[in-house]
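Below is entry-v2.cif, which holds mmCIF, C-alpha atoms and all ligand atoms.
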```
data_structure
loop_
_atom_site.label_atom_id
_atom_site.label_comp_id
_atom_site.auth_asym_id
_atom_site.auth_seq_id
_atom_site.Cartn_x
_atom_site.Cartn_y
_atom_site.Cartn_z
CA MET I 1 58.30 22.29 -25.77
CA PRO I 2 57.42 18.98 -27.40
CA LYS I 3 55.73 19.10 -30.79
CA LYS I 4 52.00 18.75 -30.28
CA LEU I 5 50.15 15.59 -31.30
CA ALA I 6 46.56 15.25 -32.50
CA ALA I 7 45.57 11.61 -32.06
CA GLY I 8 42.21 10.28 -33.22
CA ASN I 9 40.88 7.11 -31.61
CA TRP I 10 38.14 5.76 -33.83
CA LYS I 11 37.35 2.95 -31.38
CA MET I 12 34.93 0.40 -32.96
CA ASN I 13 33.78 2.80 -35.66
CA GLY I 14 34.43 2.98 -39.37
CA LEU I 15 33.77 0.96 -42.50
CA ARG I 16 35.76 1.42 -45.71
CA GLN I 17 33.73 4.44 -46.70
CA ALA I 18 35.09 6.25 -43.62
CA LEU I 19 38.45 6.53 -45.38
CA ALA I 20 36.87 9.50 -47.17
CA GLU I 21 37.04 11.36 -43.84
CA VAL I 22 40.82 11.08 -43.89
CA GLN I 23 40.93 12.47 -47.40
CA ALA I 24 38.74 15.35 -46.25
CA LEU I 25 41.00 15.90 -43.24
CA HIS I 26 44.01 16.08 -45.53
CA ALA I 27 42.21 18.50 -47.83
CA ALA I 28 41.38 20.75 -44.86
CA CYS I 29 44.88 20.56 -43.28
CA PRO I 30 47.40 19.50 -45.91
CA GLU I 31 50.41 20.74 -43.92
CA PRO I 32 49.72 20.41 -40.22
CA THR I 33 52.59 21.57 -38.02
CA CYS I 34 51.53 19.22 -35.24
CA ASP I 35 51.87 15.46 -35.59
CA VAL I 36 48.65 13.71 -36.58
CA VAL I 37 47.80 10.04 -36.02
CA ILE I 38 44.57 8.18 -36.61
CA CYS I 39 43.93 4.89 -34.84
CA PRO I 40 41.22 3.09 -36.83
CA PRO I 41 39.81 -0.36 -36.09
CA ALA I 42 42.15 -3.18 -37.08
CA THR I 43 40.07 -3.93 -40.19
CA LEU I 44 40.95 -0.54 -41.67
CA MET I 45 44.62 -0.37 -40.69
CA ARG I 46 46.16 -1.40 -44.00
CA SER I 47 43.83 0.62 -46.19
CA MET I 48 44.31 3.63 -43.88
CA VAL I 49 48.09 3.34 -44.20
CA LYS I 50 47.74 3.26 -47.99
CA THR I 51 45.32 6.20 -48.00
CA CYS I 52 47.68 8.26 -45.82
CA ALA I 53 50.83 7.38 -47.76
CA ASP I 54 51.33 10.88 -49.16
CA MET I 55 49.75 12.72 -46.25
CA LYS I 56 51.17 14.01 -43.00
CA ILE I 57 48.97 11.56 -41.15
CA GLU I 58 50.28 8.50 -39.37
CA VAL I 59 48.34 5.42 -38.40
CA GLY I 60 48.13 3.60 -35.08
CA GLY I 61 46.49 0.57 -33.54
CA GLN I 62 44.13 0.63 -30.58
CA ASP I 63 45.70 -2.26 -28.64
CA CYS I 64 48.21 -5.06 -29.08
CA HIS I 65 48.98 -8.37 -27.39
CA GLU I 66 52.13 -8.62 -25.28
CA ASN I 67 53.35 -11.66 -27.23
CA THR I 68 54.61 -11.49 -30.79
CA SER I 69 52.59 -14.50 -32.02
CA GLY I 70 50.84 -17.61 -30.79
CA ALA I 71 47.52 -19.10 -29.77
CA HIS I 72 45.62 -15.93 -28.88
CA THR I 73 42.43 -16.03 -30.91
CA GLY I 74 41.21 -12.60 -31.88
CA ASP I 75 44.31 -10.73 -30.73
CA ILE I 76 46.80 -8.73 -32.75
CA SER I 77 50.51 -8.45 -31.97
CA ALA I 78 52.71 -5.37 -32.12
CA PRO I 79 54.77 -6.71 -35.06
CA MET I 80 51.49 -7.27 -36.93
CA LEU I 81 50.53 -3.64 -36.38
CA ALA I 82 53.97 -2.51 -37.51
CA ASP I 83 53.63 -4.79 -40.55
CA THR I 84 50.59 -2.82 -41.70
CA GLY I 85 52.70 0.35 -41.67
CA ALA I 86 51.41 1.64 -38.34
CA SER I 87 53.73 3.69 -36.17
CA TYR I 88 51.70 4.12 -32.95
CA VAL I 89 49.54 2.00 -30.69
CA ILE I 90 47.13 3.07 -27.94
CA LEU I 91 47.57 0.93 -24.82
CA GLY I 92 45.67 0.73 -21.56
CA HIS I 93 42.64 2.67 -22.72
CA SER I 94 40.11 2.81 -19.89
CA GLU I 95 37.58 0.96 -22.04
CA ARG I 96 40.03 -1.96 -22.20
CA ARG I 97 40.96 -1.65 -18.54
CA ALA I 98 37.23 -1.84 -17.72
CA SER I 99 35.94 -4.35 -20.30
CA TYR I 100 38.92 -6.73 -20.29
CA SER I 101 40.27 -6.12 -16.78
CA GLU I 102 43.63 -5.06 -18.18
CA THR I 103 46.14 -4.46 -15.42
CA ASP I 104 49.07 -2.08 -15.21
CA ASP I 105 51.42 -5.07 -15.44
CA GLN I 106 49.80 -6.22 -18.67
CA ILE I 107 49.90 -2.72 -20.13
CA ASN I 108 53.56 -2.51 -19.15
CA ALA I 109 54.24 -5.77 -21.03
CA LYS I 110 52.25 -4.57 -24.04
CA THR I 111 54.22 -1.33 -24.06
CA ARG I 112 57.50 -3.24 -24.14
CA ALA I 113 56.13 -5.36 -27.00
CA ALA I 114 55.16 -2.17 -28.86
CA TRP I 115 58.67 -0.76 -28.44
CA ASP I 116 60.26 -4.01 -29.62
CA ALA I 117 58.19 -3.65 -32.79
CA GLY I 118 59.30 -0.02 -33.24
CA LEU I 119 55.92 1.47 -32.33
CA THR I 120 55.32 4.57 -30.21
CA ALA I 121 53.05 3.64 -27.30
CA ILE I 122 50.25 6.00 -26.28
CA VAL I 123 49.67 4.84 -22.71
CA CYS I 124 46.33 5.90 -21.22
CA ILE I 125 45.74 6.66 -17.55
CA GLY I 126 42.88 8.34 -15.71
CA GLU I 127 40.58 8.22 -12.74
CA THR I 128 36.90 7.25 -12.47
CA LEU I 129 34.30 9.66 -11.13
CA ASP I 130 34.26 7.87 -7.77
CA GLU I 131 38.01 8.16 -7.49
CA ARG I 132 37.92 11.86 -8.33
CA GLU I 133 35.13 12.56 -5.89
CA SER I 134 36.98 10.79 -3.12
CA GLY I 135 40.11 12.85 -3.73
CA LYS I 136 42.18 9.99 -5.16
CA THR I 137 42.89 11.35 -8.65
CA LEU I 138 46.63 11.96 -8.30
CA HIS I 139 47.11 8.74 -6.39
CA ILE I 140 45.39 6.70 -9.12
CA VAL I 141 47.09 8.50 -11.97
CA GLY I 142 50.48 8.18 -10.24
CA ASP I 143 50.02 4.45 -9.65
CA GLN I 144 48.88 3.80 -13.24
CA LEU I 145 51.79 5.81 -14.61
CA ALA I 146 54.36 4.02 -12.46
CA GLY I 147 52.90 0.58 -13.19
CA SER I 148 52.05 0.86 -16.88
CA VAL I 149 55.19 2.58 -18.16
CA PRO I 150 58.31 0.41 -18.39
CA ASP I 151 61.83 1.64 -17.70
CA GLY I 152 63.66 2.90 -20.74
CA ALA I 153 60.90 5.15 -22.09
CA THR I 154 62.05 7.96 -24.38
CA PRO I 155 60.22 10.97 -25.84
CA ALA I 156 60.08 9.10 -29.17
CA SER I 157 58.73 5.86 -27.74
CA LEU I 158 56.21 7.07 -25.17
CA VAL I 159 53.19 9.35 -25.18
CA ILE I 160 50.97 9.59 -22.10
CA ALA I 161 47.25 10.25 -22.49
CA TYR I 162 45.45 11.55 -19.43
CA GLU I 163 41.83 10.51 -19.91
CA PRO I 164 39.50 10.95 -16.93
CA VAL I 165 37.13 8.00 -17.37
CA TRP I 166 34.08 10.13 -16.53
CA ALA I 167 34.94 12.62 -19.29
CA ILE I 168 35.02 10.03 -22.08
CA GLY I 169 32.06 10.27 -24.41
CA THR I 170 30.02 12.23 -21.87
CA GLY I 171 30.46 15.82 -23.02
CA LYS I 172 31.86 16.58 -19.55
CA THR I 173 35.41 17.79 -19.01
CA PRO I 174 37.42 18.68 -15.95
CA THR I 175 37.97 22.39 -15.34
CA LEU I 176 41.05 23.90 -16.91
CA ASP I 177 42.66 24.08 -13.45
CA GLU I 178 41.95 20.40 -12.84
CA ILE I 179 43.54 19.45 -16.17
CA ALA I 180 46.53 21.69 -15.37
CA GLN I 181 46.95 20.05 -11.97
CA VAL I 182 46.97 16.48 -13.32
CA HIS I 183 49.18 17.28 -16.32
CA GLY I 184 51.62 19.13 -14.04
CA PHE I 185 51.72 16.11 -11.74
CA ILE I 186 52.34 13.74 -14.67
CA ARG I 187 55.12 16.00 -15.96
CA GLU I 188 56.82 16.05 -12.55
CA SER I 189 56.55 12.26 -12.27
CA LEU I 190 58.03 11.78 -15.75
CA GLN I 191 60.86 14.17 -14.98
CA THR I 192 61.62 12.47 -11.67
CA ARG I 193 61.77 9.10 -13.37
CA PHE I 194 63.30 9.93 -16.75
CA GLY I 195 65.21 13.16 -16.10
CA ALA I 196 65.42 15.69 -18.94
CA ASP I 197 63.69 13.20 -21.28
CA GLY I 198 60.61 13.51 -19.08
CA LEU I 199 60.30 17.14 -20.13
CA GLU I 200 60.08 16.12 -23.79
CA MET I 201 57.53 13.31 -23.45
CA ARG I 202 54.14 14.30 -24.76
CA ILE I 203 51.17 14.33 -22.42
CA LEU I 204 47.82 14.34 -24.25
CA TYR I 205 44.47 15.24 -22.78
CA GLY I 206 41.53 13.01 -23.74
CA GLY I 207 37.83 13.05 -22.86
CA SER I 208 35.16 15.02 -24.72
CA MET I 209 37.70 17.18 -26.51
CA ASN I 210 35.95 18.95 -29.36
CA PRO I 211 36.42 21.84 -31.81
CA ILE I 212 34.98 24.28 -29.26
CA ASN I 213 37.01 23.41 -26.16
CA ALA I 214 40.24 22.39 -27.95
CA ASN I 215 41.64 25.93 -27.91
CA GLU I 216 41.49 26.47 -24.19
CA ILE I 217 42.59 22.92 -23.35
CA ALA I 218 45.53 23.11 -25.76
CA ALA I 219 46.69 26.34 -24.10
CA ILE I 220 47.14 24.68 -20.68
CA ALA I 221 50.73 24.11 -19.55
CA ASN I 222 51.91 20.53 -20.13
CA VAL I 223 49.07 19.72 -22.53
CA ASP I 224 50.93 18.54 -25.62
CA GLY I 225 47.94 17.52 -27.67
CA GLY I 226 44.75 15.52 -27.55
CA LEU I 227 43.52 11.94 -27.77
CA VAL I 228 40.17 12.47 -29.41
CA GLY I 229 37.35 9.96 -29.73
CA GLY I 230 34.00 11.08 -31.10
CA ALA I 231 35.29 14.33 -32.60
CA SER I 232 37.95 12.46 -34.60
CA LEU I 233 35.36 10.62 -36.68
CA LYS I 234 34.30 13.64 -38.72
CA ALA I 235 36.94 15.47 -40.73
CA SER I 236 35.14 18.77 -40.17
CA ASP I 237 35.60 18.45 -36.38
CA PHE I 238 39.00 16.82 -36.28
CA SER I 239 40.51 19.25 -38.79
CA THR I 240 39.61 22.12 -36.45
CA ILE I 241 41.38 20.35 -33.59
CA VAL I 242 44.41 19.68 -35.81
CA GLN I 243 44.47 23.36 -36.74
CA VAL I 244 44.28 24.39 -33.08
CA LEU I 245 47.17 22.07 -32.21
CA SER I 246 49.14 23.38 -35.19
CA THR I 247 49.21 26.95 -33.87
P1 LIG I 301 35.70 11.09 -26.57
O1 LIG I 301 36.56 12.16 -27.22
O2 LIG I 301 34.65 10.53 -27.46
O3 LIG I 301 35.23 11.54 -25.23
O4 LIG I 301 36.69 9.84 -26.31
C1 LIG I 301 37.91 10.08 -25.72
C2 LIG I 301 38.69 8.85 -25.78
O5 LIG I 301 38.37 7.85 -25.13
C3 LIG I 301 39.85 8.82 -26.67
O6 LIG I 301 40.64 7.70 -26.46
#
```
Please express what this file holds, its structure, as structure tokens.
Amino acid sequence: MPKKLAAGNWKMNGLRQALAEVQALHAACPEPTCDVVICPPATLMRSMVKTCADMKIEVGGQDCHENTSGAHTGDISAPMLADTGASYVILGHSERRASYSETDDQINAKTRAAWDAGLTAIVCIGETLDERESGKTLHIVGDQLAGSVPDGATPASLVIAYEPVWAIGTGKTPTLDEIAQVHGFIRESLQTRFGADGLEMRILYGGSMNPINANEIAAIANVDGGLVGGASLKASDFSTIVQVLST
């Protein structure tokens, strides 16, 4: 069984004072037995890396450009993220797919750029409510997985996050059976494509994960951790999730 991963996606939240939350997280869980990564906004990356230097907390970006440098105003490249001391990057989040029309091809290219820079890519996939209600969930998730993940993925370089779009920030979650079905499908697809390595790649659940539901979600087969938005912003909530994923 892969080691579990608690990943916090701070999205566009957090000023310098929010670094205190990471100190509080460390105080609450100094020795987590799961991996822990926080993905703050770009403005906090370097100070977060410094704050976490002696903690079992890694730092990740929330996106990167597919090129290493150039005329791309406002963008950040994978080597730039790595240069801050980051070790992960979230790619293909549904908020970016929706707001910036990111395609699977682009996410595939970004993932390769992340790997070239030595980063672990957390590639997000998930269906909208319409797609779920019309019975297309596995089709959508399968297509996104096939298109967004490049050949050559390894358990160290790739993490998949299944995030149903309708569960993000809404307080709604799929049933435990629905999560089990999609995670089982992702596992089978990874195994078919990557062989034994596919059994070791981590598959996170994301979407309204919180200290109350984390226990039952974490117990589902093929759930290897969580990609947590709102509940990662407060140390008191996120530390509970880290503790659940550490058991
Ligand atoms: P919430 O946990 O706030 O629903 O966000 C999930 C998410 O989008 C993590 O990437």
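Comparing the minimum interatomic distances between Val141 in chain I and each of I:Gly61, I:Gly85, I:Gly198, I:Gly126, counting all atoms listed in the file, we find that I:Gly126 sits nearest.
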(request) For range 154-157 of chain I, please output as a PyMOL selection string all residues within 6 Å (counting only C-alpha atoms; exclusion window: fewer than 5 positions along the same chain). (result) chain I and resi 120+200-201
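The smallest atom-to-atom distance between Thr240 in chain I and any of I:Pro2, I:Gly14, I:Pro32, I:Gly195, using only C-alpha atoms, is found for I:Pro32.
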(request) Calculate how many Å separate CA of Arg187 in chain I from CA of Leu145 in chain I, rounding to one decimal. (result) 10.8 Å
First collect every listed atom of ligand LIG 301 (chain I); then fit an axis-aligned box around them, widen it by 3 Å on each side, and give centre and edge lengths in Å to one decimal, as lines of an AutoDock Vina configuration file.
```
center_x = 37.6
center_y = 9.9
center_z = -26.3
size_x = 12.0
size_y = 10.5
size_z = 8.3
```
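Remark: for Ala20 in chain I, the closest of the candidate residues I:Thr51, I:Thr175, I:Thr43, I:Thr68 is I:Thr51 (distances computed over only C-alpha atoms).
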